[in-house]
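Shown below: coords-v8.cif, with mmCIF, C-alpha atoms and all ligand atoms.
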```
data_run
loop_
_atom_site.group_PDB
_atom_site.id
_atom_site.type_symbol
_atom_site.label_atom_id
_atom_site.label_comp_id
_atom_site.auth_asym_id
_atom_site.auth_seq_id
_atom_site.Cartn_x
_atom_site.Cartn_y
_atom_site.Cartn_z
ATOM 1 C CA MET A 13 29.408 -28.613 -23.837
ATOM 2 C CA ASN A 14 30.031 -26.629 -20.664
ATOM 3 C CA ARG A 15 27.004 -26.233 -18.468
ATOM 4 C CA VAL A 16 26.172 -22.605 -17.757
ATOM 5 C CA ILE A 17 25.932 -22.097 -13.992
ATOM 6 C CA ARG A 18 23.048 -19.773 -13.160
ATOM 7 C CA ASN A 19 23.701 -18.436 -9.717
ATOM 8 C CA ASP A 20 20.304 -16.802 -9.497
ATOM 9 C CA PHE A 21 18.431 -20.131 -9.395
ATOM 10 C CA THR A 22 18.703 -22.867 -6.795
ATOM 11 C CA ALA A 23 18.956 -26.565 -7.731
ATOM 12 C CA PRO A 24 15.207 -27.292 -7.408
ATOM 13 C CA GLU A 25 14.326 -24.129 -9.339
ATOM 14 C CA LEU A 26 16.657 -25.233 -12.152
ATOM 15 C CA LEU A 27 14.998 -28.664 -12.095
ATOM 16 C CA LEU A 28 11.544 -27.051 -12.471
ATOM 17 C CA GLN A 29 12.773 -24.937 -15.356
ATOM 18 C CA GLU A 30 14.374 -27.965 -17.020
ATOM 19 C CA LEU A 31 10.971 -29.647 -16.839
ATOM 20 C CA GLY A 32 9.231 -26.538 -18.187
ATOM 21 C CA VAL A 33 7.049 -25.732 -15.174
ATOM 22 C CA PRO A 34 5.380 -22.367 -15.942
ATOM 23 C CA GLU A 35 2.673 -22.203 -13.246
ATOM 24 C CA PRO A 36 2.296 -23.279 -9.580
ATOM 25 C CA ASN A 37 -0.415 -25.706 -10.645
ATOM 26 C CA ASP A 38 2.186 -27.551 -12.752
ATOM 27 C CA ILE A 39 4.444 -28.354 -9.756
ATOM 28 C CA ASP A 40 3.386 -31.978 -9.917
ATOM 29 C CA LEU A 41 5.684 -33.878 -7.575
ATOM 30 C CA GLU A 42 5.190 -37.453 -8.834
ATOM 31 C CA PRO A 43 6.617 -36.832 -12.358
ATOM 32 C CA ILE A 44 9.304 -34.559 -10.888
ATOM 33 C CA ALA A 45 10.356 -37.359 -8.504
ATOM 34 C CA TYR A 46 10.258 -39.900 -11.342
ATOM 35 C CA HIS A 47 12.504 -37.621 -13.411
ATOM 36 C CA VAL A 48 15.205 -37.759 -10.722
ATOM 37 C CA GLY A 49 14.864 -41.543 -10.222
ATOM 38 C CA CYS A 50 12.430 -41.702 -7.296
ATOM 39 C CA GLU A 51 9.244 -43.698 -6.992
ATOM 40 C CA ILE A 52 6.608 -42.385 -4.553
ATOM 41 C CA ARG A 53 4.454 -44.467 -2.249
ATOM 42 C CA TYR A 54 1.793 -43.258 0.159
ATOM 43 C CA ARG A 55 1.245 -45.342 3.290
ATOM 44 C CA PRO A 56 -0.242 -44.758 6.776
ATOM 45 C CA LEU A 57 3.170 -44.632 8.487
ATOM 46 C CA ASP A 58 3.460 -44.591 12.263
ATOM 47 C CA GLY A 59 6.276 -42.720 13.981
ATOM 48 C CA CYS A 60 7.632 -41.017 10.880
ATOM 49 C CA GLU A 61 6.455 -38.525 8.258
ATOM 50 C CA ALA A 62 8.445 -39.838 5.307
ATOM 51 C CA CYS A 63 11.455 -41.933 4.408
ATOM 52 C CA ILE A 64 13.725 -42.613 1.469
ATOM 53 C CA LEU A 65 15.478 -45.858 0.601
ATOM 54 C CA GLY A 66 17.961 -45.552 -2.236
ATOM 55 C CA ALA A 67 20.205 -47.906 -4.164
ATOM 56 C CA GLY A 68 22.401 -46.657 -6.987
ATOM 57 C CA ASP A 69 20.491 -44.068 -8.957
ATOM 58 C CA ARG A 70 17.004 -45.222 -7.927
ATOM 59 C CA ALA A 71 15.094 -44.640 -4.714
ATOM 60 C CA ILE A 72 11.705 -45.238 -3.164
ATOM 61 C CA ILE A 73 10.169 -42.426 -1.134
ATOM 62 C CA THR A 74 7.326 -43.272 1.223
ATOM 63 C CA VAL A 75 5.133 -40.479 2.608
ATOM 64 C CA THR A 76 2.593 -40.909 5.384
ATOM 65 C CA THR A 77 -1.077 -40.483 4.550
ATOM 66 C CA ARG A 78 -1.730 -39.526 8.186
ATOM 67 C CA SER A 79 -0.757 -35.884 7.499
ATOM 68 C CA ASN A 80 -2.668 -33.339 5.436
ATOM 69 C CA LYS A 81 -1.919 -32.821 1.733
ATOM 70 C CA PRO A 82 0.246 -29.657 2.057
ATOM 71 C CA ARG A 83 2.308 -31.441 4.710
ATOM 72 C CA GLN A 84 2.616 -34.536 2.479
ATOM 73 C CA ARG A 85 3.879 -32.350 -0.370
ATOM 74 C CA PHE A 86 6.436 -30.653 1.890
ATOM 75 C CA SER A 87 7.605 -34.026 3.240
ATOM 76 C CA LEU A 88 8.009 -35.336 -0.305
ATOM 77 C CA GLY A 89 9.991 -32.222 -1.272
ATOM 78 C CA HIS A 90 12.112 -32.739 1.864
ATOM 79 C CA GLU A 91 12.934 -36.340 0.863
ATOM 80 C CA LEU A 92 13.829 -35.166 -2.656
ATOM 81 C CA GLY A 93 16.188 -32.741 -0.898
ATOM 82 C CA HIS A 94 17.851 -35.679 0.885
ATOM 83 C CA TRP A 95 18.098 -37.441 -2.487
ATOM 84 C CA HIS A 96 19.771 -34.412 -4.038
ATOM 85 C CA TYR A 97 22.205 -33.635 -1.209
ATOM 86 C CA HIS A 98 22.610 -36.820 0.819
ATOM 87 C CA ARG A 99 22.439 -39.574 -1.798
ATOM 88 C CA GLY A 100 23.821 -42.822 -0.510
ATOM 89 C CA HIS A 101 22.225 -42.340 2.908
ATOM 90 C CA SER A 102 18.787 -43.704 3.655
ATOM 91 C CA SER A 103 16.691 -41.351 5.776
ATOM 92 C CA ILE A 104 13.761 -41.888 8.071
ATOM 93 C CA CYS A 105 12.315 -38.484 8.914
ATOM 94 C CA ARG A 106 10.100 -38.002 11.942
ATOM 95 C CA HIS A 107 7.571 -35.224 12.387
ATOM 96 C CA ASP A 108 10.104 -32.981 14.153
ATOM 97 C CA ASP A 109 12.721 -33.533 11.437
ATOM 98 C CA ILE A 110 10.641 -31.845 8.725
ATOM 99 C CA GLY A 111 9.887 -28.124 8.825
ATOM 100 C CA ASN A 112 11.504 -27.647 12.225
ATOM 101 C CA LEU A 113 12.871 -24.103 12.358
ATOM 102 C CA VAL A 114 14.601 -24.547 15.684
ATOM 103 C CA ARG A 115 17.420 -26.411 13.947
ATOM 104 C CA SER A 116 20.573 -24.827 12.586
ATOM 105 C CA SER A 117 20.451 -23.992 8.905
ATOM 106 C CA LEU A 118 23.501 -26.193 8.252
ATOM 107 C CA GLN A 119 21.972 -29.412 9.542
ATOM 108 C CA PRO A 120 20.905 -32.002 6.952
ATOM 109 C CA GLU A 121 17.211 -31.738 7.894
ATOM 110 C CA ARG A 122 17.223 -27.967 7.367
ATOM 111 C CA VAL A 123 19.085 -28.364 4.072
ATOM 112 C CA ALA A 124 16.350 -30.777 2.954
ATOM 113 C CA ASP A 125 13.680 -28.279 4.136
ATOM 114 C CA THR A 126 15.256 -25.497 2.091
ATOM 115 C CA TYR A 127 15.206 -27.744 -0.967
ATOM 116 C CA ALA A 128 11.509 -28.468 -0.354
ATOM 117 C CA ALA A 129 10.688 -24.742 -0.024
ATOM 118 C CA ASP A 130 12.534 -23.924 -3.252
ATOM 119 C CA LEU A 131 10.798 -26.772 -5.082
ATOM 120 C CA LEU A 132 7.252 -26.042 -3.842
ATOM 121 C CA LEU A 133 7.518 -22.238 -3.709
ATOM 122 C CA PRO A 134 10.083 -21.384 -6.396
ATOM 123 C CA ARG A 135 11.079 -17.771 -6.323
ATOM 124 C CA TYR A 136 10.503 -17.247 -10.065
ATOM 125 C CA LEU A 137 6.809 -18.127 -9.644
ATOM 126 C CA PHE A 138 6.245 -16.889 -6.081
ATOM 127 C CA GLU A 139 7.863 -13.449 -6.202
ATOM 128 C CA PRO A 140 5.796 -11.966 -9.087
ATOM 129 C CA ARG A 141 2.590 -12.980 -7.282
ATOM 130 C CA LEU A 142 3.853 -11.508 -4.048
ATOM 131 C CA ILE A 143 4.730 -8.215 -5.737
ATOM 132 C CA ALA A 144 1.236 -8.109 -7.267
ATOM 133 C CA ALA A 145 -0.371 -8.455 -3.833
ATOM 134 C CA ALA A 146 -1.391 -5.187 -2.151
ATOM 135 C CA ARG A 147 0.667 -5.653 1.039
ATOM 136 C CA PRO A 148 2.170 -8.468 3.090
ATOM 137 C CA SER A 149 -0.673 -10.064 5.061
ATOM 138 C CA PHE A 150 -2.071 -13.436 6.019
ATOM 139 C CA SER A 151 -4.801 -13.089 3.402
ATOM 140 C CA THR A 152 -2.008 -12.883 0.791
ATOM 141 C CA VAL A 153 -0.370 -15.918 2.437
ATOM 142 C CA GLU A 154 -3.663 -17.845 2.339
ATOM 143 C CA GLN A 155 -4.250 -17.087 -1.349
ATOM 144 C CA LEU A 156 -0.705 -18.136 -2.261
ATOM 145 C CA ALA A 157 -0.933 -21.269 -0.078
ATOM 146 C CA ILE A 158 -3.997 -22.372 -2.059
ATOM 147 C CA GLU A 159 -2.340 -21.633 -5.382
ATOM 148 C CA PHE A 160 0.926 -23.422 -4.482
ATOM 149 C CA ARG A 161 -0.762 -26.191 -2.405
ATOM 150 C CA THR A 162 1.493 -25.469 0.582
ATOM 151 C CA SER A 163 0.908 -24.901 4.289
ATOM 152 C CA ILE A 164 0.289 -21.472 5.780
ATOM 153 C CA THR A 165 3.578 -21.704 7.710
ATOM 154 C CA ALA A 166 5.738 -22.692 4.714
ATOM 155 C CA THR A 167 4.109 -19.997 2.573
ATOM 156 C CA ALA A 168 4.457 -17.310 5.252
ATOM 157 C CA LEU A 169 8.153 -18.167 5.672
ATOM 158 C CA ARG A 170 8.673 -17.722 1.944
ATOM 159 C CA LEU A 171 6.896 -14.372 2.113
ATOM 160 C CA VAL A 172 9.286 -13.224 4.857
ATOM 161 C CA GLU A 173 12.316 -14.236 2.785
ATOM 162 C CA LEU A 174 11.115 -12.093 -0.111
ATOM 163 C CA THR A 175 9.484 -9.085 1.606
ATOM 164 C CA PRO A 176 11.441 -6.259 3.250
ATOM 165 C CA SER A 177 10.820 -5.034 6.830
ATOM 166 C CA VAL A 178 8.703 -7.964 8.069
ATOM 167 C CA MET A 179 9.106 -10.593 10.781
ATOM 168 C CA LEU A 180 7.258 -13.863 11.366
ATOM 169 C CA ILE A 181 7.017 -15.212 14.922
ATOM 170 C CA CYS A 182 5.548 -18.508 16.106
ATOM 171 C CA HIS A 183 4.200 -18.824 19.663
ATOM 172 C CA THR A 184 2.594 -21.506 21.759
ATOM 173 C CA ALA A 185 1.378 -21.180 25.354
ATOM 174 C CA LYS A 186 4.958 -22.037 26.413
ATOM 175 C CA GLY A 187 6.390 -18.968 24.662
ATOM 176 C CA ARG A 188 8.153 -18.172 21.427
ATOM 177 C CA LYS A 189 9.052 -21.259 19.383
ATOM 178 C CA TRP A 190 10.919 -19.559 16.565
ATOM 179 C CA PHE A 191 11.048 -16.402 14.478
ATOM 180 C CA LYS A 192 12.336 -15.359 11.101
ATOM 181 C CA ALA A 193 13.095 -11.790 10.039
ATOM 182 C CA ALA A 194 13.484 -10.258 6.584
ATOM 183 C CA ALA A 195 17.094 -9.656 5.551
ATOM 184 C CA ASP A 196 16.879 -5.864 6.089
ATOM 185 C CA VAL A 197 15.639 -6.091 9.704
ATOM 186 C CA PRO A 198 18.607 -5.368 12.037
ATOM 187 C CA SER A 199 19.472 -8.133 14.499
ATOM 188 C CA ARG A 200 18.850 -5.827 17.509
ATOM 189 C CA TRP A 201 15.138 -6.423 16.897
ATOM 190 C CA PHE A 202 15.019 -9.748 18.682
ATOM 191 C CA PRO A 203 11.427 -10.541 19.727
ATOM 192 C CA ARG A 204 10.491 -11.157 23.358
ATOM 193 C CA ASP A 205 10.071 -14.749 24.541
ATOM 194 C CA ASP A 206 6.682 -14.136 26.085
ATOM 195 C CA LEU A 207 3.544 -12.612 24.601
ATOM 196 C CA ASP A 208 2.581 -9.179 25.920
ATOM 197 C CA ALA A 209 -0.993 -9.138 27.221
ATOM 198 C CA ASP A 210 -1.497 -5.922 25.202
ATOM 199 C CA SER A 211 -0.709 -7.679 21.937
ATOM 200 C CA TYR A 212 -3.572 -8.881 19.768
ATOM 201 C CA ALA A 213 -1.648 -12.127 19.357
ATOM 202 C CA PHE A 214 -2.258 -12.785 23.074
ATOM 203 C CA ASP A 215 -6.026 -12.721 22.444
ATOM 204 C CA VAL A 216 -5.741 -15.158 19.538
ATOM 205 C CA LEU A 217 -3.600 -17.576 21.544
ATOM 206 C CA HIS A 218 -5.652 -17.509 24.736
ATOM 207 C CA ARG A 219 -9.193 -16.768 23.593
ATOM 208 C CA GLU A 220 -11.613 -17.967 20.970
ATOM 209 C CA GLU A 221 -10.560 -15.865 17.986
ATOM 210 C CA ASP A 222 -8.845 -17.625 15.088
ATOM 211 C CA ARG A 223 -7.139 -14.465 13.872
ATOM 212 C CA SER A 224 -6.713 -10.766 14.439
ATOM 213 C CA ARG A 225 -7.044 -8.037 11.838
ATOM 214 C CA THR A 226 -3.958 -5.977 11.008
ATOM 215 C CA VAL A 227 -3.521 -3.429 13.796
ATOM 216 C CA LYS A 228 -0.998 -0.792 14.845
ATOM 217 C CA ILE A 229 0.707 -1.446 18.160
ATOM 218 C CA GLY A 230 3.612 0.004 20.125
ATOM 219 C CA ALA A 231 6.805 -1.860 19.230
ATOM 220 C CA ASP A 232 7.511 -2.322 22.972
ATOM 221 C CA ALA A 233 4.766 -4.970 23.047
ATOM 222 C CA TRP A 234 7.135 -7.114 20.962
ATOM 223 C CA PHE A 235 10.656 -5.922 21.758
ATOM 224 C CA ASP A 236 12.439 -5.295 25.055
ATOM 225 C CA ARG A 237 14.664 -2.434 23.828
ATOM 226 C CA SER A 238 14.112 1.025 25.317
ATOM 227 C CA GLU A 239 13.933 2.660 21.872
ATOM 228 C CA ALA A 240 10.969 0.387 21.050
ATOM 229 C CA SER A 241 8.591 2.645 22.988
ATOM 230 C CA ARG A 242 9.107 5.346 20.319
ATOM 231 C CA TYR A 243 7.854 3.272 17.409
ATOM 232 C CA GLU A 244 4.591 1.861 16.123
ATOM 233 C CA ILE A 245 4.484 -1.291 14.042
ATOM 234 C CA SER A 246 1.771 -3.425 12.405
ATOM 235 C CA GLU A 247 0.752 -6.768 13.874
ATOM 236 C CA GLU A 248 -1.450 -9.517 12.441
ATOM 237 C CA THR A 249 -1.944 -12.981 13.957
ATOM 238 C CA ILE A 250 -3.465 -16.230 12.736
ATOM 239 C CA ARG A 251 -3.984 -19.585 14.438
ATOM 240 C CA VAL A 252 -2.209 -22.419 12.572
ATOM 241 C CA GLY A 253 -3.008 -25.374 14.802
ATOM 242 C CA ALA A 254 -4.099 -26.298 18.290
ATOM 243 C CA GLY A 255 -2.333 -23.875 20.645
ATOM 244 C CA LYS A 256 -0.045 -22.490 17.935
ATOM 245 C CA ILE A 257 -0.142 -19.006 16.371
ATOM 246 C CA LEU A 258 1.844 -17.103 13.771
ATOM 247 C CA THR A 259 2.285 -13.334 13.946
ATOM 248 C CA LEU A 260 3.377 -11.165 11.050
ATOM 249 C CA LEU A 261 4.993 -7.891 12.144
ATOM 250 C CA THR A 262 5.673 -5.065 9.696
ATOM 251 C CA LEU A 263 8.463 -2.779 10.939
ATOM 252 C CA ASN A 264 7.883 -0.058 8.417
ATOM 253 C CA VAL A 265 9.740 2.657 10.335
ATOM 254 C CA PRO A 266 12.988 3.920 8.725
ATOM 255 C CA LYS A 267 14.634 4.514 12.141
ATOM 256 C CA MET A 268 13.976 0.920 13.171
ATOM 257 C CA LEU A 269 15.630 -0.361 10.014
ATOM 258 C CA GLU A 270 18.847 1.639 10.503
ATOM 259 C CA ASP A 271 21.774 -0.734 10.803
ATOM 260 C CA TRP A 272 23.776 0.036 13.981
ATOM 261 C CA THR A 273 26.291 -2.746 13.493
ATOM 262 C CA HIS A 274 29.089 -0.363 12.436
ATOM 263 C CA ARG A 275 28.372 2.427 14.906
HETATM 264 ZN ZN ZN A 301 14.797 -35.599 6.680
#
```
Output the structure of this file as structure tokens.
Amino acid sequence: MNRVIRNDFTAPELLLQELGVPEPNDIDLEPIAYHVGCEIRYRPLDGCEACILGAGDRAIITVTTRSNKPRQRFSLGHELGHWHYHRGHSSICRHDDIGNLVRSSLQPERVADTYAADLLLPRYLFEPRLIAAARPSFSTVEQLAIEFRTSITATALRLVELTPSVMLICHTAKGRKWFKAAADVPSRWFPRDDLDADSYAFDVLHREEDRSRTVKIGADAWFDRSEASRYEISEETIRVGAGKILTLLTLNVPKMLEDWTHR
């Protein structure tokens, strides 16, 4: 019998459907790993987050117990990504190998990250919940992170992939670490490296607050383009670790979203 290729689902989403996973609470990684030939071990690893040792069609995945549970789940999903795409190679993945957005999307570690995101936050379960939420915000991200047992960062990244006109930016005291924009945001909106002292994100990074409420701010606080001074956008920031913040920008201005590429 010919297998029907369903282009609208990724490999991990097809795996979840094959296993009949109807709710986020049913994304139980141990039986999923077992189904694809992997045994899971949890150990207090030093120097790496997770590793996979495979032989033939069986593998052992070891995940460190030194990281929190959402991180352990993402690392396990990442190793299952290596098993799916890079079978035959053993991998030892350090902290910076997993969930590192500075890497190119073609590199094996990013490919494994994408597999993990699709497995833990499958679009067919995530998108209906996102649509039901009132508006894109960190409170929506926090609710979904609890339901899917994922980190705030992984959940916020998924939100950006599936929500128009938004941008997620990560800063530390050293400047911008990475950003991700929704598909409809034109590439001319490239965020500044530094944090403007007028931004509410600046207060969260440098003062005591753990988060800001959603506020309107001039787009020139975030973008160096001269046209930015004409627009107002929404900004919301949350602290996600020591010295690390995430900002969600909503560029809900039709003029900003005009594509100038073919002008
Ligand atoms: Zn890896």
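Nearest to Leu41 (chain A) of all the residues A:Leu88, A:Leu137, A:Met179, A:Ala23 is A:Leu88, counting all atoms listed in the file.
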### Task
On this file, the PyMOL selection byres (((chain A and resi 150) around 8) and not hetatm) gives some set of residues; write that set as a ChimeraX atom specification.
/A:148-149,151-154,168,248-250,260
### Task
Would you kindly translate the PyMOL selection byres (((chain A and resi 68-84) around 6) and not hetatm) into the concrete residues it picks from this file, as a VMD selection string?
chain A and resid 49 to 57 61 to 67 85 to 87 161 to 163
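Selection of all polymer residues within 8 Å of ligand ZN 301 (chain A) on the basis of all atoms listed in the file gives Ala62, Cys63, His90, Glu91, His94, Ser103, Ile104, Cys105, Arg106, Asp109, Ile110, Pro120, Glu121, Ala124 and Asp125 of chain A.
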### Lys186 (chain A) environment, 12 Å, only C-alpha atoms, sequence neighbours closer than 6 positions dropped, as a list in words
Asp205, Asp206, Leu207, Leu217, His218, Gly255, Lys256 and Ile257 of chain A
Do you know which residues are at most 9 Å from Tyr212 (chain A) counting all atoms listed in the file, after dropping those on the same chain fewer than 6 positions away, and could you put them as a PDB file with C-alpha atoms, keeping the file's coordinate frame?
```
ATOM      1  CA  ARG A 223      -7.139 -14.465  13.872  1.00  0.00           C
ATOM      2  CA  SER A 224      -6.713 -10.766  14.439  1.00  0.00           C
ATOM      3  CA  ARG A 225      -7.044  -8.037  11.838  1.00  0.00           C
ATOM      4  CA  VAL A 227      -3.521  -3.429  13.796  1.00  0.00           C
ATOM      5  CA  ILE A 229       0.707  -1.446  18.160  1.00  0.00           C
ATOM      6  CA  GLU A 247       0.752  -6.768  13.874  1.00  0.00           C
ATOM      7  CA  GLU A 248      -1.450  -9.517  12.441  1.00  0.00           C
ATOM      8  CA  THR A 249      -1.944 -12.981  13.957  1.00  0.00           C
TER       9      THR A 249
END
```
